[in-house]
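Let me begin by presenting the structure, written as structure tokens, before commenting on it.
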Amino acid sequence: MRFFVIDDNEDVAKLLTPILQRAGHTVSSSQSPIQALKEVPAMRPDCILLDLMMPEMDGFELCKRFREMPDLAGTKIIILSAKSYDFDKRRAKQLGADGFIVKPVDVKTFIGEVEKMFTKKLTLSYWGTRGTLPVAGQSSLKYGGNTSCVSLQVDDEPLIVFDAGTGIKKLSDNLFASGVKRLTAKIFISHPHWDHINAFPFFGALFMVGNEIEVLGPAHSGTSMRAIMSSQMDDIYFPVTIREFGARVFFHDLHEENLAVGKIQVDTLLLNHPGNCLGYRATYNGKRICYITDNEIFPPGTHNHDIDFEKRLVNFIHGTDILIADSTYLDEEYPKKTGWGHSCISEVVRIAHTAQVKSLHLFHHDPDQDDAMIDRKLEQAKQKLEQLGSPVECVCPAEGNQFVL
Ligand SMILES: [Zn+2]
Ligand SMILES: [Zn+2]
């Protein structure tokens with residue numbers, strides 16, 4: 001890779017250049033931020049190592065200027081500074097830095113720390129995989145009994161959560177156990193049916209000062225996301241209201257749109273379900289995960305089959321690494337449940353194959369299904385994929401499962 005070191009102290013470049021070169025990288029450097037502003041865009045390095053305290057222009061300002069240059073969109077910026085305050089680390093991140101290494105540089109660990117910035121992984125975790133109602137007891141031990149909640153985590157990017165079904169309590173417990181402080185989270189709600197919102201008040205991070213949490217989802221003809229989420233905590237429904245939150249909590253009404261969550265791109269698509277329901281697509285470092293529940297894919301040739309919607313859906317999920325899809329019914333169950341807003345295995349498989357997704361994750365299981373029936377759904381999906389001669393991989397994630405991309 002090509003590195004560019006910017007530090008007014010020439011000893012820094014003298015120290016780092018041989019370390020980086022020994023690891024097979026090429027290195028340029030400048031002691032002048034003003035000069036670097038001219039040289040760096042022309043060179044388009046893979047990584048800029050940037051000091052903070054420099055007399056001509058400080059590293060924050062320089063980082064901000066680089067981040068405004070589209071040509072440097074693929075360039076990582078790592079701050080190298082003797083300042084180790086949390087404030088400076090947060091400020092660097094807000095301005096678009098990818099990493100922060102505190103000086104003096106440890107020559108033994110430096111290369112490992114730098115190269116780690118290029119291999120950050122996306123971790124997908126399942127906290128609740130069921131639809132409609134939580135299920136307790138022996139029949140749901142394998143896949144778990146909690147309703148919809150999934151999280152995406154990349155290193156120190158904001159935590160992304162899809163839906164606040166009863167699984168969010170497990171996510172909350174996990175965050176407490178890992179001692180996370182000053183959490184920044186974005187909770188994307190697919191739609192306000194009970195199984196997607198009713199455990200929202202059990203996300204403990206909401207009650208902790210210092211956390212910042214944004215709740216985003218589709219408004220319903222004049223009823224905002226704030227009203228939707230707070231009314232279920234009002235008065236006779238729940239004894240703790242949103243006024244009791246200790247965290248800074250924001251609400252955001254979503255339509256079909258494109259958002260940036262730190263360095264993760266999130267896009268939305270309206271789905272086929274009663275009321276407004278949004279599907280989400282998260283992209284990070286070229287990896288893609290789609291969260292598509294609750295959604296009814298009508299079989300071709302049937303009265304309700306909507307070709308336009310299907311085209312938009314296929315386009316949205318095309319080539320995704322993981323498609324988390326509403327797979328509520330076995331094929332034989334579907335005729336009695338047509339028009340309920342959920343899909344059966346054959347249709348989900350057909351769409352996944354058409355859209356050339358890499359891995360299909362069966363999700364949102366009906367409360368009347370036990371583990372054996374969910375096993376059968378997985379079997380049915382694999383058979384259908386085989387019949388199609390499809391390369392799509394199919395898995396049925398259980399509560400607690402993690403997938404790293
Ligand atoms: Zn649901
Ligand atoms: Zn629903």
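Every chain in the structure tokens takes a letter, A first, then B, and so on in the order presented; its residues are numbered from 1, and the ligands are numbered from 1 following the presented order.
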
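Near ligand 2, at a distance of at most 9 Å and with only C-alpha atoms and all ligand atoms counted, sit the residues Gly131, Thr132, Ser190, His191, Pro192, His193, Trp194, Asp195, His196, His273, Pro274, Gly275, Cys277, Thr293, Asp294, Asn295, Trp340, Gly341 and His342 of chain A.
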
Q: Output as a PyMOL selection string all residues of range 110-158 of chain A that backbone DSSP marks as strand (DSSP E or B).
A: chain A and resi 123-128+130+147+149-153

Q: Please provide the set of residues having any atom within 9 Å of range 68-83 of chain A, restricted to only C-alpha atoms, with same-chain residues fewer than 6 positions apart removed, written as a PyMOL selection string.
A: chain A and resi 7+40-42+44-53+59-60+89+92+96-105+114+117-118

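Interatomic distance, CA of Arg22 in chain A to CA of Ile34 in chain A: 28.5 Å.
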
Q: Find the spatial neighbours of Lys384 in chain A, counting only C-alpha atoms, within a cut-off of 7 Å - ignore same-chain residues fewer than 3 positions away - and output them as a list of chain:residue names.
A: A:Ser346, A:Val349, A:Gln380, A:Ala381, A:Gln387, A:Leu388
